[in-house]
Amino acid sequence: MLGRPTGPFASWCVGWTKCLGQIALVAADTFSCAQLFLSFLYLVSMETTGTGYYPSNALVSCKARFSPSWHLPLSVVGRLSELGALFNLVGTIVFVAVLLLVTKKQQHFSWVLTSYQSNLSSGITSNTYICLLGLLPAVWSLLGYDSTAHMIEETKEADAVAGWPMPYAVALSGISGLPFLIALTICIQDVDQLTDPDNGFDGINIVAQLLWQAYKTRFDTGVASLSLFAIPLGANFISALYAITSASRMLFGFSRDQAVPFSSTWQKVDESSGVPCCAVWGVTGA
């Protein structure tokens, strides 16, 4: 749109900003998955040994497991994506239903919709600001929206079908995500205890704490909550795989235009699988 001489430089800036943003998304998604995995291991070790355990190499371990998954042929990757979408949808339904059935003490629905919880120690007292912060997790739905564009070259009849997943990704995120959040909020046992950094859980994932408390209230032990916690853990793992796929395709696309250093390496495609394996490992290493 800008034309010469400004246009190419502006395009380069936008492209690099986007590429770096995708790599940052991979880091954030992998870190989130590692935190859930750490919380899972912490609760298992706390139940078996009485002391929670944090492995220090969980983040590296998670990233090392993601990349080989996308060295598979594209047909297999496509099938895994379909199964991942089905897992997210069915898993959310099972999660919400089981949690509501198990939880003895539930908050009133009006409390869920009208109550604001401010942490005075954080200095945040504005209800409007708290509400806006609560909307931040919704940006994860943009992962499915944005990834579609990066996979167009590997999509059959892309000119006709590539655009449809974009609104579907956002709509399904809302349809499945809203009941998930409402169910979690309804099943909070004690807000102050849940947000207390000295509550005995050493700051592990708050959803893991919430599930543990809900199960412990009914069964006097929270160990059964681990089976339910495996659902968001699996969903987050799938999300991290999608993030690596999206970012690696962007790096691959830029490398063909000689827009990134070591372009000749990133644009290599594995002949057997049709996957830009070097770009996958480059994004993972970054």
# chains A, B, ... in the order shown; residues from 1 in each chain; ligands from 1
call {"tool": "residues_around", "arguments": {"residues": "region 181-190 of chain A", "least_positions_apart": "4", "cutoff": "8 Å", "atoms": "only C-alpha atoms", "output": "PyMOL selection string"}}
result
chain A and resi 96+99-100+103+105-109+112+177+194+207+210+213-214
call {"tool": "residues_around", "arguments": {"residues": "region 256-259 of chain A", "least_positions_apart": "5", "cutoff": "8 Å", "atoms": "only C-alpha atoms", "output": "PDB file with C-alpha atoms, in the first residue's frame"}}
result
ATOM      1  CA  TRP A  12       9.911  -6.224   6.491  1.00  0.00           C
ATOM      2  CA  SER A 264      18.538 -21.813   2.938  1.00  0.00           C
ATOM      3  CA  GLN A 267      13.206 -23.572   3.763  1.00  0.00           C
TER       4      GLN A 267
END
call {"tool": "residues_around", "arguments": {"residues": "Ile23 (chain A)", "least_positions_apart": "2", "cutoff": "8 Å", "atoms": "only C-alpha atoms", "output": "list of chain:residue names"}}
result
A:Cys19, A:Leu20, A:Gly21, A:Leu25, A:Val26, A:Ala27, A:Ala247, A:Val283, A:Ala286
call {"tool": "closest_atom_pairs", "arguments": {"of": "region 223-248 of chain A", "to": "region 252-255 of chain A", "cutoff": "12 Å", "atoms": "only C-alpha atoms", "output": "JSON lines"}}
result
{"residue": "A:Ile244", "atom": "CA", "partner": "A:Phe252", "partner_atom": "CA", "distance": 12.0}
{"residue": "A:Thr245", "atom": "CA", "partner": "A:Phe252", "partner_atom": "CA", "distance": 10.5}
{"residue": "A:Ser246", "atom": "CA", "partner": "A:Phe252", "partner_atom": "CA", "distance": 10.0}
{"residue": "A:Ala247", "atom": "CA", "partner": "A:Phe252", "partner_atom": "CA", "distance": 8.6}
{"residue": "A:Ser248", "atom": "CA", "partner": "A:Phe252", "partner_atom": "CA", "distance": 6.1}
call {"tool": "closest_residue", "arguments": {"among": "A:Leu172, A:Val90, A:Ile204, A:Ala235", "to": "Leu41 (chain A)", "atoms": "only C-alpha atoms"}}
result
A:Ile204
call {"tool": "closest_residue", "arguments": {"among": "A:Leu86, A:Val76, A:Phe229, A:Ile238", "to": "Gly274 (chain A)", "atoms": "only C-alpha atoms"}}
result
A:Val76
call {"tool": "closest_residue", "arguments": {"among": "A:Phe201, A:Trp16, A:Trp164, A:Tyr129", "to": "Ser45 (chain A)", "atoms": "only C-alpha atoms"}}
result
A:Phe201
call {"tool": "atom_distance", "arguments": {"atom1": "CA of Phe87 (chain A)", "atom2": "CA of Ser227 (chain A)"}}
result
14.7 Å
call {"tool": "atom_distance", "arguments": {"atom1": "CA of Ala240 (chain A)", "atom2": "CA of Thr30 (chain A)"}}
result
5.7 Å
call {"tool": "residues_around", "arguments": {"residues": "Asp202 (chain A)", "least_positions_apart": "2", "cutoff": "12 Å", "atoms": "only C-alpha atoms", "output": "PyMOL selection string"}}
result
chain A and resi 38-39+42-43+46+51-54+194-200+204-206+208-209
call {"tool": "select_by_dssp", "arguments": {"residues": "region 180-223 of chain A", "states": "helix (DSSP H, G or I)", "output": "list in words"}}
result
Phe180, Leu181, Ile182, Ala183, Leu184, Thr185, Ile186, Val191, Asp192, Gln193, Leu194, Thr195, Ile206, Val207, Ala208, Gln209, Leu210, Leu211, Trp212, Gln213, Ala214, Tyr215, Lys216, Thr217, Arg218 and Phe219 of chain A
call {"tool": "write_last_selection", "arguments": {"atoms": "N, CA and C atoms", "output": "compact mmCIF listing (two decimals), in the first residue's frame"}}
result
# COMPACT_ATOMS: atom_id res chain seq x y z
N PHE A 180 -16.90 -23.62 30.50
CA PHE A 180 -15.73 -24.05 31.27
C PHE A 180 -15.42 -23.06 32.39
N LEU A 181 -15.38 -21.77 32.04
CA LEU A 181 -15.06 -20.74 33.03
C LEU A 181 -16.16 -20.60 34.08
N ILE A 182 -17.41 -20.68 33.64
CA ILE A 182 -18.53 -20.57 34.58
C ILE A 182 -18.51 -21.73 35.57
N ALA A 183 -18.27 -22.95 35.07
CA ALA A 183 -18.23 -24.12 35.95
C ALA A 183 -17.10 -23.99 36.97
N LEU A 184 -15.94 -23.54 36.53
CA LEU A 184 -14.82 -23.36 37.47
C LEU A 184 -15.17 -22.34 38.54
N THR A 185 -15.78 -21.23 38.15
CA THR A 185 -16.12 -20.18 39.10
C THR A 185 -17.19 -20.64 40.09
N ILE A 186 -18.18 -21.36 39.60
CA ILE A 186 -19.23 -21.88 40.48
C ILE A 186 -18.66 -22.82 41.54
N VAL A 191 -12.52 -18.42 48.06
CA VAL A 191 -11.72 -17.53 47.23
C VAL A 191 -10.45 -17.10 47.94
N ASP A 192 -10.57 -16.69 49.20
CA ASP A 192 -9.40 -16.21 49.94
C ASP A 192 -8.36 -17.31 50.11
N GLN A 193 -8.82 -18.51 50.40
CA GLN A 193 -7.88 -19.62 50.58
C GLN A 193 -7.23 -20.01 49.26
N LEU A 194 -8.01 -19.92 48.18
CA LEU A 194 -7.51 -20.31 46.86
C LEU A 194 -6.43 -19.35 46.37
N THR A 195 -6.57 -18.07 46.68
CA THR A 195 -5.61 -17.07 46.19
C THR A 195 -4.51 -16.76 47.20
N ILE A 206 -3.82 -22.61 39.55
CA ILE A 206 -4.99 -22.40 40.40
C ILE A 206 -6.14 -23.34 40.05
N VAL A 207 -6.23 -23.78 38.78
CA VAL A 207 -7.26 -24.75 38.41
C VAL A 207 -6.99 -26.09 39.09
N ALA A 208 -5.72 -26.46 39.17
CA ALA A 208 -5.36 -27.70 39.86
C ALA A 208 -5.73 -27.63 41.34
N GLN A 209 -5.50 -26.46 41.94
CA GLN A 209 -5.87 -26.28 43.35
C GLN A 209 -7.39 -26.37 43.52
N LEU A 210 -8.12 -25.72 42.62
CA LEU A 210 -9.58 -25.70 42.71
C LEU A 210 -10.14 -27.12 42.61
N LEU A 211 -9.66 -27.90 41.66
CA LEU A 211 -10.14 -29.28 41.50
C LEU A 211 -9.79 -30.12 42.72
N TRP A 212 -8.59 -29.94 43.23
CA TRP A 212 -8.16 -30.71 44.40
C TRP A 212 -9.06 -30.42 45.60
N GLN A 213 -9.36 -29.15 45.82
CA GLN A 213 -10.21 -28.78 46.95
C GLN A 213 -11.63 -29.30 46.78
N ALA A 214 -12.17 -29.24 45.56
CA ALA A 214 -13.53 -29.71 45.30
C ALA A 214 -13.64 -31.21 45.57
N TYR A 215 -12.68 -31.98 45.10
CA TYR A 215 -12.70 -33.43 45.32
C TYR A 215 -12.44 -33.77 46.79
N LYS A 216 -11.54 -33.01 47.42
CA LYS A 216 -11.24 -33.30 48.81
C LYS A 216 -12.43 -33.02 49.72
N THR A 217 -13.22 -32.00 49.37
CA THR A 217 -14.41 -31.69 50.15
C THR A 217 -15.41 -32.84 50.13
N ARG A 218 -15.51 -33.53 49.00
CA ARG A 218 -16.48 -34.63 48.88
C ARG A 218 -15.89 -35.98 49.30
N PHE A 219 -14.63 -36.26 48.93
CA PHE A 219 -14.08 -37.60 49.13
C PHE A 219 -12.98 -37.66 50.20
call {"tool": "atom_distance", "arguments": {"atom1": "CA of Gly84 (chain A)", "atom2": "CA of Ser239 (chain A)"}}
result
8.7 Å
call {"tool": "closest_residue", "arguments": {"among": "A:Ala85, A:Val14, A:Leu80, A:Cys33", "to": "Ser176 (chain A)", "atoms": "only C-alpha atoms"}}
result
A:Ala85
call {"tool": "closest_residue", "arguments": {"among": "A:Phe262, A:Trp281, A:Phe37, A:Phe31", "to": "Leu233 (chain A)", "atoms": "only C-alpha atoms"}}
result
A:Phe37
